[in-house]
file structure-v4.csv (CSV, N, CA and C atoms)
chain,number,residue,atom,x,y,z
A,1,MET,N,10.4,-18.7,-42.8
A,1,MET,CA,10.8,-19.3,-41.5
A,1,MET,C,11.5,-18.3,-40.6
A,2,THR,N,12.4,-17.5,-41.2
A,2,THR,CA,13.1,-16.5,-40.4
A,2,THR,C,12.2,-15.4,-39.8
A,3,ARG,N,11.1,-15.1,-40.5
A,3,ARG,CA,10.1,-14.1,-40.0
A,3,ARG,C,9.5,-14.7,-38.7
A,4,ILE,N,9.1,-15.9,-38.7
A,4,ILE,CA,8.5,-16.5,-37.5
A,4,ILE,C,9.5,-16.6,-36.4
A,5,LEU,N,10.7,-17.0,-36.7
A,5,LEU,CA,11.8,-17.0,-35.6
A,5,LEU,C,12.0,-15.6,-35.1
A,6,ARG,N,12.1,-14.6,-35.9
A,6,ARG,CA,12.3,-13.3,-35.5
A,6,ARG,C,11.2,-12.8,-34.6
A,7,PHE,N,9.9,-13.1,-35.0
A,7,PHE,CA,8.8,-12.7,-34.2
A,7,PHE,C,8.8,-13.4,-32.8
A,8,SER,N,9.2,-14.7,-32.8
A,8,SER,CA,9.2,-15.4,-31.5
A,8,SER,C,10.3,-14.8,-30.6
A,9,LEU,N,11.4,-14.4,-31.2
A,9,LEU,CA,12.5,-13.8,-30.3
A,9,LEU,C,12.0,-12.5,-29.8
A,10,VAL,N,11.4,-11.7,-30.6
A,10,VAL,CA,10.9,-10.4,-30.1
A,10,VAL,C,9.8,-10.6,-29.0
A,11,ALA,N,8.9,-11.5,-29.2
A,11,ALA,CA,7.8,-11.8,-28.3
A,11,ALA,C,8.5,-12.3,-27.0
A,12,PHE,N,9.5,-13.2,-27.1
A,12,PHE,CA,10.1,-13.7,-25.9
A,12,PHE,C,10.8,-12.6,-25.1
A,13,SER,N,11.6,-11.7,-25.8
A,13,SER,CA,12.3,-10.6,-25.1
A,13,SER,C,11.3,-9.7,-24.5
A,14,LEU,N,10.2,-9.4,-25.1
A,14,LEU,CA,9.2,-8.5,-24.5
A,14,LEU,C,8.6,-9.1,-23.2
A,15,GLY,N,8.3,-10.4,-23.3
A,15,GLY,CA,7.8,-11.2,-22.2
A,15,GLY,C,8.8,-11.1,-21.0
A,16,CYS,N,10.1,-11.3,-21.3
A,16,CYS,CA,11.1,-11.3,-20.3
A,16,CYS,C,11.2,-9.9,-19.7
A,17,THR,N,11.1,-8.9,-20.5
A,17,THR,CA,11.2,-7.5,-20.0
A,17,THR,C,10.1,-7.3,-19.0
A,18,ILE,N,8.9,-7.7,-19.3
A,18,ILE,CA,7.7,-7.5,-18.4
A,18,ILE,C,7.9,-8.4,-17.2
A,19,VAL,N,8.2,-9.6,-17.3
A,19,VAL,CA,8.3,-10.5,-16.2
A,19,VAL,C,9.4,-10.1,-15.2
A,20,PHE,N,10.6,-9.7,-15.8
A,20,PHE,CA,11.7,-9.5,-14.9
A,20,PHE,C,11.9,-8.0,-14.6
A,21,MET,N,10.9,-7.2,-14.9
A,21,MET,CA,11.0,-5.7,-14.6
A,21,MET,C,11.0,-5.5,-13.1
A,22,PRO,N,11.9,-4.7,-12.6
A,22,PRO,CA,11.8,-4.5,-11.1
A,22,PRO,C,10.5,-3.9,-10.7
A,23,THR,N,10.0,-4.3,-9.6
A,23,THR,CA,8.7,-3.9,-9.1
A,23,THR,C,8.6,-2.4,-8.8
A,24,SER,N,9.8,-1.8,-8.5
A,24,SER,CA,9.7,-0.4,-8.2
A,24,SER,C,9.3,0.5,-9.4
A,25,THR,N,9.4,-0.1,-10.6
A,25,THR,CA,9.0,0.6,-11.8
A,25,THR,C,7.6,0.5,-12.2
A,26,LEU,N,6.9,-0.4,-11.5
A,26,LEU,CA,5.5,-0.6,-11.7
A,26,LEU,C,4.7,0.3,-10.8
A,27,ALA,N,4.1,1.3,-11.4
A,27,ALA,CA,3.3,2.3,-10.6
A,27,ALA,C,1.9,1.8,-10.3
A,28,THR,N,1.3,2.2,-9.2
A,28,THR,CA,-0.1,1.9,-8.9
A,28,THR,C,-0.8,3.2,-8.6
A,29,ALA,N,-2.1,3.2,-8.7
A,29,ALA,CA,-2.9,4.4,-8.4
A,29,ALA,C,-3.5,4.3,-6.9
A,30,ASP,N,-2.9,3.5,-6.1
A,30,ASP,CA,-3.4,3.3,-4.7
A,30,ASP,C,-2.6,4.1,-3.7
A,31,GLY,N,-2.1,5.3,-4.0
A,31,GLY,CA,-1.4,6.1,-3.1
A,31,GLY,C,0.1,6.0,-3.1
A,32,PRO,N,0.7,6.6,-2.1
A,32,PRO,CA,2.2,6.5,-2.1
A,32,PRO,C,2.7,5.1,-1.9
A,33,ASP,N,4.0,4.9,-2.3
A,33,ASP,CA,4.6,3.6,-2.1
A,33,ASP,C,4.9,3.4,-0.6
A,34,PHE,N,5.3,4.4,0.1
A,34,PHE,CA,5.6,4.3,1.5
A,34,PHE,C,5.0,5.5,2.3
A,35,TYR,N,4.8,5.2,3.6
A,35,TYR,CA,4.2,6.2,4.5
A,35,TYR,C,5.2,6.4,5.7
A,36,CYS,N,4.9,7.5,6.4
A,36,CYS,CA,5.5,7.8,7.7
A,36,CYS,C,4.4,8.0,8.7
A,37,VAL,N,4.7,7.8,10.0
A,37,VAL,CA,3.7,8.0,11.0
A,37,VAL,C,3.6,9.5,11.2
A,38,LYS,N,2.3,10.0,11.5
A,38,LYS,CA,2.1,11.4,11.8
A,38,LYS,C,1.1,11.4,13.0
A,39,ALA,N,1.2,12.5,13.7
A,39,ALA,CA,0.2,12.8,14.8
A,39,ALA,C,0.1,11.8,15.9
A,40,VAL,N,1.3,11.1,16.1
A,40,VAL,CA,1.4,10.2,17.3
A,40,VAL,C,2.4,10.8,18.2
A,41,LYS,N,2.0,10.9,19.5
A,41,LYS,CA,2.9,11.5,20.5
A,41,LYS,C,4.1,10.6,20.7
A,42,PRO,N,5.3,11.3,21.1
A,42,PRO,CA,6.5,10.5,21.3
A,42,PRO,C,6.4,9.4,22.3
A,43,ALA,N,5.5,9.5,23.2
A,43,ALA,CA,5.4,8.4,24.2
A,43,ALA,C,4.4,7.3,23.8
A,44,ASP,N,3.8,7.5,22.6
A,44,ASP,CA,2.8,6.6,22.1
A,44,ASP,C,3.3,5.8,20.8
A,45,VAL,N,2.5,4.9,20.3
A,45,VAL,CA,2.8,4.1,19.1
A,45,VAL,C,1.6,4.0,18.2
A,46,LEU,N,1.8,3.6,17.0
A,46,LEU,CA,0.8,3.3,16.0
A,46,LEU,C,0.6,1.8,16.0
A,47,ASN,N,-0.6,1.4,16.3
A,47,ASN,CA,-0.9,-0.1,16.3
A,47,ASN,C,-1.1,-0.6,14.9
A,48,LEU,N,-0.3,-1.7,14.6
A,48,LEU,CA,-0.5,-2.4,13.3
A,48,LEU,C,-1.4,-3.6,13.7
A,49,ARG,N,-2.6,-3.6,13.1
A,49,ARG,CA,-3.6,-4.6,13.5
A,49,ARG,C,-3.8,-5.7,12.5
A,50,SER,N,-4.4,-6.8,12.9
A,50,SER,CA,-4.6,-8.0,12.1
A,50,SER,C,-5.7,-7.8,11.1
A,51,GLN,N,-6.7,-7.0,11.4
A,51,GLN,CA,-7.8,-6.7,10.6
A,51,GLN,C,-8.2,-5.2,10.6
A,52,PRO,N,-8.9,-4.7,9.7
A,52,PRO,CA,-9.2,-3.3,9.7
A,52,PRO,C,-10.3,-2.9,10.7
A,53,THR,N,-10.0,-3.1,11.9
A,53,THR,CA,-11.0,-2.8,13.0
A,53,THR,C,-10.2,-2.5,14.3
A,54,ALA,N,-10.6,-1.6,15.1
A,54,ALA,CA,-9.9,-1.2,16.3
A,54,ALA,C,-9.9,-2.3,17.4
A,55,LYS,N,-10.8,-3.3,17.2
A,55,LYS,CA,-10.9,-4.4,18.2
A,55,LYS,C,-10.0,-5.6,17.8
A,56,SER,N,-9.4,-5.6,16.6
A,56,SER,CA,-8.6,-6.7,16.2
A,56,SER,C,-7.2,-6.7,16.9
A,57,GLU,N,-6.6,-7.9,16.8
A,57,GLU,CA,-5.3,-8.1,17.5
A,57,GLU,C,-4.2,-7.1,17.0
A,58,ILE,N,-3.4,-6.6,18.0
A,58,ILE,CA,-2.3,-5.8,17.6
A,58,ILE,C,-1.1,-6.7,17.3
A,59,LEU,N,-0.6,-6.6,16.1
A,59,LEU,CA,0.5,-7.4,15.6
A,59,LEU,C,1.8,-6.8,15.9
A,60,PHE,N,1.9,-5.4,15.9
A,60,PHE,CA,3.1,-4.7,16.1
A,60,PHE,C,2.8,-3.3,16.5
A,61,LYS,N,3.7,-2.7,17.3
A,61,LYS,CA,3.6,-1.3,17.8
A,61,LYS,C,4.6,-0.5,17.0
A,62,ILE,N,4.1,0.3,16.0
A,62,ILE,CA,5.0,1.1,15.2
A,62,ILE,C,5.4,2.3,15.9
A,63,PRO,N,6.7,2.6,16.0
A,63,PRO,CA,7.2,3.8,16.7
A,63,PRO,C,6.6,5.1,16.2
A,64,HIS,N,6.4,6.1,17.0
A,64,HIS,CA,5.8,7.4,16.6
A,64,HIS,C,6.5,8.1,15.5
A,65,ASN,N,7.8,7.9,15.3
A,65,ASN,CA,8.5,8.6,14.3
A,65,ASN,C,9.0,7.7,13.1
A,66,ALA,N,8.3,6.5,12.9
A,66,ALA,CA,8.7,5.6,11.9
A,66,ALA,C,8.3,6.0,10.5
A,67,CYS,N,9.2,5.7,9.5
A,67,CYS,CA,8.9,5.9,8.1
A,67,CYS,C,9.2,4.5,7.4
A,68,ARG,N,9.1,4.5,6.1
A,68,ARG,CA,9.3,3.3,5.3
A,68,ARG,C,8.2,2.3,5.6
A,69,ILE,N,7.0,2.7,5.9
A,69,ILE,CA,5.9,1.8,6.1
A,69,ILE,C,5.3,1.6,4.7
A,70,LYS,N,5.4,0.3,4.2
A,70,LYS,CA,5.1,0.0,2.8
A,70,LYS,C,3.6,0.0,2.6
A,71,ASN,N,3.1,0.7,1.6
A,71,ASN,CA,1.7,0.6,1.2
A,71,ASN,C,1.4,-0.7,0.5
A,72,LEU,N,0.5,-1.5,0.9
A,72,LEU,CA,0.2,-2.7,0.2
A,72,LEU,C,-1.0,-2.5,-0.7
A,73,GLY,N,-1.5,-1.3,-0.8
A,73,GLY,CA,-2.5,-1.0,-1.8
A,73,GLY,C,-4.0,-1.0,-1.5
A,74,ALA,N,-4.4,-1.5,-0.4
A,74,ALA,CA,-5.8,-1.6,-0.1
A,74,ALA,C,-6.1,-0.6,1.1
A,75,CYS,N,-7.1,0.2,0.9
A,75,CYS,CA,-7.6,1.1,2.0
A,75,CYS,C,-9.1,0.8,2.0
A,76,VAL,N,-9.7,0.7,3.2
A,76,VAL,CA,-11.1,0.4,3.3
A,76,VAL,C,-11.7,1.4,4.3
A,77,GLY,N,-13.1,1.4,4.3
A,77,GLY,CA,-13.8,2.3,5.2
A,77,GLY,C,-13.7,1.9,6.6
A,78,LYS,N,-14.3,2.7,7.5
A,78,LYS,CA,-14.2,2.5,8.9
A,78,LYS,C,-14.8,1.1,9.3
A,79,ASN,N,-15.8,0.6,8.6
A,79,ASN,CA,-16.4,-0.7,8.9
A,79,ASN,C,-15.9,-1.8,7.9
A,80,GLY,N,-14.8,-1.5,7.3
A,80,GLY,CA,-14.2,-2.6,6.4
A,80,GLY,C,-14.8,-2.6,5.0
A,81,GLU,N,-15.6,-1.6,4.7
A,81,GLU,CA,-16.2,-1.7,3.3
A,81,GLU,C,-15.2,-1.2,2.3
A,82,ASN,N,-15.3,-1.7,1.1
A,82,ASN,CA,-14.4,-1.4,0.0
A,82,ASN,C,-14.7,0.1,-0.4
A,83,ILE,N,-13.6,0.8,-0.8
A,83,ILE,CA,-13.7,2.1,-1.3
A,83,ILE,C,-13.4,2.2,-2.8
A,84,PRO,N,-14.3,2.8,-3.6
A,84,PRO,CA,-14.0,2.9,-5.0
A,84,PRO,C,-12.7,3.6,-5.2
A,85,GLU,N,-11.9,3.2,-6.2
A,85,GLU,CA,-10.6,3.8,-6.5
A,85,GLU,C,-10.7,5.1,-7.2
A,86,SER,N,-11.9,5.4,-7.8
A,86,SER,CA,-12.1,6.6,-8.6
A,86,SER,C,-12.2,7.8,-7.7
A,87,ASP,N,-11.6,8.9,-8.2
A,87,ASP,CA,-11.7,10.2,-7.5
A,87,ASP,C,-13.1,10.8,-7.6
A,88,ALA,N,-13.8,10.3,-8.6
A,88,ALA,CA,-15.2,10.8,-8.9
A,88,ALA,C,-16.2,9.9,-8.2
A,89,ALA,N,-15.9,9.4,-7.0
A,89,ALA,CA,-16.9,8.5,-6.3
A,89,ALA,C,-18.2,9.2,-6.0
A,90,PRO,N,-19.3,8.5,-6.0
A,90,PRO,CA,-20.6,9.1,-5.8
A,90,PRO,C,-20.6,9.7,-4.3
A,91,LYS,N,-21.4,10.8,-4.2
A,91,LYS,CA,-21.6,11.4,-2.9
A,91,LYS,C,-22.1,10.4,-1.9
A,92,GLY,N,-21.6,10.5,-0.7
A,92,GLY,CA,-21.9,9.5,0.4
A,92,GLY,C,-21.0,8.3,0.4
A,93,THR,N,-20.1,8.2,-0.5
A,93,THR,CA,-19.1,7.1,-0.5
A,93,THR,C,-18.3,7.2,0.7
A,94,PRO,N,-18.1,6.1,1.5
A,94,PRO,CA,-17.2,6.3,2.7
A,94,PRO,C,-15.8,6.7,2.3
A,95,LYS,N,-15.2,7.4,3.2
A,95,LYS,CA,-13.7,7.8,3.0
A,95,LYS,C,-12.9,6.6,3.5
A,96,PRO,N,-11.7,6.5,3.0
A,96,PRO,CA,-10.8,5.5,3.5
A,96,PRO,C,-10.5,5.7,5.0
A,97,PHE,N,-10.4,4.7,5.8
A,97,PHE,CA,-10.1,4.8,7.2
A,97,PHE,C,-8.9,3.9,7.6
A,98,TRP,N,-8.9,2.7,7.1
A,98,TRP,CA,-7.8,1.7,7.4
A,98,TRP,C,-7.0,1.5,6.1
A,99,CYS,N,-5.7,1.4,6.2
A,99,CYS,CA,-4.9,1.0,5.1
A,99,CYS,C,-4.0,-0.2,5.4
A,100,HIS,N,-3.9,-1.1,4.4
A,100,HIS,CA,-3.1,-2.3,4.5
A,100,HIS,C,-1.7,-2.0,4.2
A,101,VAL,N,-0.8,-2.2,5.2
A,101,VAL,CA,0.6,-1.8,5.1
A,101,VAL,C,1.5,-2.9,5.6
A,102,SER,N,2.8,-2.7,5.4
A,102,SER,CA,3.8,-3.7,6.0
A,102,SER,C,4.9,-2.9,6.6
A,103,PHE,N,5.3,-3.3,7.8
A,103,PHE,CA,6.3,-2.6,8.5
A,103,PHE,C,7.1,-3.7,9.3
A,104,ASN,N,8.4,-3.7,9.2
A,104,ASN,CA,9.3,-4.7,9.8
A,104,ASN,C,8.9,-6.1,9.4
A,105,LYS,N,8.6,-6.3,8.2
A,105,LYS,CA,8.2,-7.6,7.6
A,105,LYS,C,6.9,-8.1,8.1
A,106,ILE,N,6.1,-7.3,8.8
A,106,ILE,CA,4.8,-7.7,9.3
A,106,ILE,C,3.7,-6.9,8.6
A,107,SER,N,2.7,-7.6,8.0
A,107,SER,CA,1.7,-6.8,7.3
A,107,SER,C,0.4,-6.8,8.2
A,108,GLY,N,-0.3,-5.7,8.1
A,108,GLY,CA,-1.5,-5.5,8.8
A,108,GLY,C,-2.2,-4.2,8.4
A,109,TRP,N,-3.0,-3.7,9.3
A,109,TRP,CA,-3.9,-2.6,9.0
A,109,TRP,C,-3.6,-1.5,10.0
A,110,VAL,N,-3.5,-0.2,9.5
A,110,VAL,CA,-3.4,1.0,10.4
A,110,VAL,C,-4.4,2.0,10.0
A,111,ALA,N,-4.8,2.9,11.0
A,111,ALA,CA,-5.7,4.0,10.7
A,111,ALA,C,-5.0,5.0,9.8
A,112,ILE,N,-5.6,5.4,8.7
A,112,ILE,CA,-5.0,6.3,7.8
A,112,ILE,C,-4.8,7.7,8.3
A,113,GLN,N,-5.5,8.1,9.3
A,113,GLN,CA,-5.3,9.4,9.9
A,113,GLN,C,-4.0,9.6,10.5
A,114,PHE,N,-3.2,8.5,10.8
A,114,PHE,CA,-1.9,8.5,11.4
A,114,PHE,C,-0.8,8.3,10.3
A,115,LEU,N,-1.1,8.4,9.1
A,115,LEU,CA,-0.2,8.2,8.0
A,115,LEU,C,0.0,9.4,7.1
A,116,LYS,N,1.2,9.7,6.7
A,116,LYS,CA,1.5,10.7,5.7
A,116,LYS,C,2.5,10.1,4.7
A,117,GLU,N,2.5,10.7,3.5
A,117,GLU,CA,3.4,10.1,2.5
A,117,GLU,C,4.9,10.3,2.9
A,118,ASP,N,5.7,9.2,2.8
A,118,ASP,CA,7.1,9.2,3.0
A,118,ASP,C,7.8,9.8,1.8
A,119,ILE,N,8.3,11.0,1.9
A,119,ILE,CA,9.0,11.6,0.8
A,119,ILE,C,10.5,11.5,0.9
A,120,GLY,N,11.0,10.7,1.8
A,120,GLY,CA,12.4,10.4,1.9
A,120,GLY,C,13.2,11.6,2.3
A,121,GLU,N,12.7,12.3,3.3
A,121,GLU,CA,13.5,13.5,3.8
A,121,GLU,C,14.8,13.1,4.5
call {"tool": "encode", "arguments": {"input": "structure-v4.csv", "output": "C-alpha coordinates"}}
result
Amino acid sequence: MTRILRFSLVAFSLGCTIVFMPTSTLATADGPDFYCVKAVKPADVLNLRSQPTAKSEILFKIPHNACRIKNLGACVGKNGENIPESDAAPKGTPKPFWCHVSFNKISGWVAIQFLKEDIGE
(Lines of atoms letter the chains of each structure in order from A and count residues from 1; the text may use other names and numbers.)
(Lines give C-alpha, C1' and ligand atoms only; values in the text may rest on other atoms or scores of the structure.)
Protein backbone atom coordinates (compact mmCIF):
# COMPACT_ATOMS: atom_id res chain seq x y z
CA MET A 1 0.00 0.00 0.00
CA THR A 2 2.81 2.43 0.80
CA ARG A 3 4.33 1.81 -2.64
CA ILE A 4 1.10 2.95 -4.32
CA LEU A 5 0.85 5.97 -2.04
CA ARG A 6 4.49 6.89 -2.72
CA PHE A 7 3.95 6.54 -6.51
CA SER A 8 0.82 8.71 -6.31
CA LEU A 9 2.67 11.43 -4.41
CA VAL A 10 5.55 11.42 -6.91
CA ALA A 11 3.14 11.54 -9.86
CA PHE A 12 1.19 14.37 -8.21
CA SER A 13 4.34 16.42 -7.54
CA LEU A 14 5.58 15.94 -11.11
CA GLY A 15 2.17 17.00 -12.42
CA CYS A 16 2.23 20.12 -10.22
CA THR A 17 5.74 20.96 -11.38
CA ILE A 18 4.64 20.83 -15.01
CA VAL A 19 1.34 22.65 -14.49
CA PHE A 20 2.76 25.41 -12.29
CA MET A 21 6.07 25.85 -14.13
CA PRO A 22 6.57 29.51 -15.12
CA THR A 23 5.91 30.01 -18.83
CA SER A 24 9.26 31.74 -19.30
CA THR A 25 10.98 28.38 -18.81
CA LEU A 26 9.05 26.73 -21.62
CA ALA A 27 11.02 27.22 -24.82
CA THR A 28 9.56 27.11 -28.29
CA ALA A 29 11.13 26.74 -31.70
CA ASP A 30 9.12 29.61 -33.18
CA GLY A 31 11.79 32.30 -32.98
CA PRO A 32 12.66 34.84 -30.30
CA ASP A 33 10.39 35.53 -27.33
CA PHE A 34 10.38 39.27 -28.04
CA TYR A 35 11.10 41.57 -30.98
CA CYS A 36 12.11 45.20 -31.53
CA VAL A 37 11.05 47.34 -34.47
CA LYS A 38 13.71 47.81 -37.16
CA ALA A 39 13.97 49.82 -40.40
CA VAL A 40 11.06 52.16 -39.56
CA LYS A 41 11.85 55.88 -39.84
CA PRO A 42 11.43 58.04 -36.71
CA ALA A 43 8.45 59.87 -38.19
CA ASP A 44 6.73 56.56 -39.08
CA VAL A 45 5.14 53.61 -37.21
CA LEU A 46 4.77 49.86 -37.60
CA ASN A 47 1.14 48.89 -38.14
CA LEU A 48 -0.25 46.09 -35.96
CA ARG A 49 -3.01 44.56 -38.10
CA SER A 50 -6.03 42.39 -37.37
CA GLN A 51 -5.14 39.83 -40.06
CA PRO A 52 -1.94 38.90 -41.95
CA THR A 53 -2.69 41.19 -44.88
CA ALA A 54 -1.82 44.80 -45.71
CA LYS A 55 -5.50 45.58 -46.31
CA SER A 56 -6.71 44.50 -42.87
CA GLU A 57 -7.69 46.87 -40.07
CA ILE A 58 -4.89 48.64 -38.20
CA LEU A 59 -5.32 47.83 -34.51
CA PHE A 60 -2.39 49.85 -33.16
CA LYS A 61 0.50 51.95 -34.43
CA ILE A 62 3.72 50.64 -32.85
CA PRO A 63 6.40 53.35 -32.40
CA HIS A 64 9.50 53.18 -34.63
CA ASN A 65 11.79 52.43 -31.66
CA ALA A 66 9.58 49.98 -29.72
CA CYS A 67 10.85 46.77 -28.14
CA ARG A 68 9.26 44.04 -26.01
CA ILE A 69 6.91 43.06 -28.85
CA LYS A 70 5.87 39.58 -27.74
CA ASN A 71 6.15 36.76 -30.26
CA LEU A 72 2.92 34.72 -30.22
CA GLY A 73 4.53 31.96 -32.28
CA ALA A 74 2.85 32.00 -35.66
CA CYS A 75 4.43 33.36 -38.83
CA VAL A 76 2.75 32.94 -42.20
CA GLY A 77 3.53 33.66 -45.84
CA LYS A 78 2.62 36.83 -47.72
CA ASN A 79 -0.78 35.41 -48.66
CA GLY A 80 -1.47 33.93 -45.22
CA GLU A 81 -0.27 30.40 -46.08
CA ASN A 82 1.23 28.31 -43.28
CA ILE A 83 5.00 27.98 -43.24
CA PRO A 84 6.57 24.64 -42.24
CA GLU A 85 8.53 24.91 -38.97
CA SER A 86 11.40 22.82 -40.30
CA ASP A 87 14.62 24.48 -41.44
CA ALA A 88 14.80 21.81 -44.14
CA ALA A 89 11.63 23.00 -45.90
CA PRO A 90 11.31 21.97 -49.55
CA LYS A 91 12.53 24.36 -52.24
CA GLY A 92 9.86 26.85 -53.22
CA THR A 93 8.33 26.98 -49.73
CA PRO A 94 7.18 30.55 -49.03
CA LYS A 95 9.24 32.55 -46.57
CA PRO A 96 7.57 33.99 -43.46
CA PHE A 97 6.11 37.42 -44.13
CA TRP A 98 3.66 38.15 -41.28
CA CYS A 99 4.19 37.33 -37.60
CA HIS A 100 1.55 37.10 -34.89
CA VAL A 101 2.63 39.35 -32.01
CA SER A 102 1.31 41.24 -29.01
CA PHE A 103 2.17 44.81 -28.06
CA ASN A 104 0.55 46.97 -25.40
CA LYS A 105 -1.84 44.08 -24.61
CA ILE A 106 -3.12 44.08 -28.21
CA SER A 107 -2.45 41.08 -30.44
CA GLY A 108 -2.26 41.20 -34.20
CA TRP A 109 0.01 40.77 -37.20
CA VAL A 110 3.09 42.70 -38.35
CA ALA A 111 5.36 42.38 -41.37
CA ILE A 112 8.44 40.37 -40.34
CA GLN A 113 10.78 42.60 -42.36
CA PHE A 114 10.32 45.27 -39.67
CA LEU A 115 11.21 43.00 -36.73
CA LYS A 116 14.49 42.03 -35.13
CA GLU A 117 15.16 39.98 -32.04
CA ASP A 118 14.92 41.92 -28.77
CA ILE A 119 18.17 41.10 -27.01
CA GLY A 120 17.45 43.37 -24.05
CA GLU A 121 20.07 46.03 -24.79
call {"tool": "atom_distance", "arguments": {"input": "structure-v4.csv", "atom1": "atom CA of A:Ala74", "atom2": "atom CA of A:Cys36"}}
result
16.6 Å
call {"tool": "closest_residue", "arguments": {"input": "structure-v4.csv", "among": "A:Asn65, A:Lys55, A:Asn71, A:Glu81", "to": "A:Ile112", "atoms": "only C-alpha atoms"}}
result
A:Asn71
call {"tool": "closest_residue", "arguments": {"input": "structure-v4.csv", "among": "A:His64, A:Lys70, A:Ile58, A:Gly77", "to": "A:Val40", "atoms": "only N, CA and C atoms"}}
result
A:His64
call {"tool": "residues_around", "arguments": {"input": "structure-v4.csv", "residues": "A:Pro63", "least_positions_apart": "6", "cutoff": "6.5 Å", "atoms": "all atoms listed in the file", "output": "list in words"}}
result
Asp44, Val45 and Leu46 of chain A
call {"tool": "write_last_selection", "arguments": {"input": "structure-v4.csv", "atoms": "N, CA and C atoms", "output": "PDB file, in the frame of the given file"}}
result
ATOM      1  N   ASP A  44       3.800   7.500  22.600  1.00  0.00           N
ATOM      2  CA  ASP A  44       2.800   6.600  22.100  1.00  0.00           C
ATOM      3  C   ASP A  44       3.300   5.800  20.800  1.00  0.00           C
ATOM      4  N   VAL A  45       2.500   4.900  20.300  1.00  0.00           N
ATOM      5  CA  VAL A  45       2.800   4.100  19.100  1.00  0.00           C
ATOM      6  C   VAL A  45       1.600   4.000  18.200  1.00  0.00           C
ATOM      7  N   LEU A  46       1.800   3.600  17.000  1.00  0.00           N
ATOM      8  CA  LEU A  46       0.800   3.300  16.000  1.00  0.00           C
ATOM      9  C   LEU A  46       0.600   1.800  16.000  1.00  0.00           C
TER      10      LEU A  46
END
call {"tool": "closest_residue", "arguments": {"input": "structure-v4.csv", "among": "A:Asn79, A:Ile62, A:Gly31, A:Phe97", "to": "A:Gln113", "atoms": "only C-alpha atoms"}}
result
A:Phe97
call {"tool": "atom_distance", "arguments": {"input": "structure-v4.csv", "atom1": "atom CA of A:Val110", "atom2": "atom C of A:Gly73"}}
result
12.1 Å
call {"tool": "atom_distance", "arguments": {"input": "structure-v4.csv", "atom1": "atom CA of A:Leu72", "atom2": "atom CA of A:His100"}}
result
5.4 Å
call {"tool": "closest_residue", "arguments": {"input": "structure-v4.csv", "among": "A:Ala111, A:Cys67, A:Leu59, A:Ile106", "to": "A:Phe34", "atoms": "only N, CA and C atoms"}}
result
A:Cys67
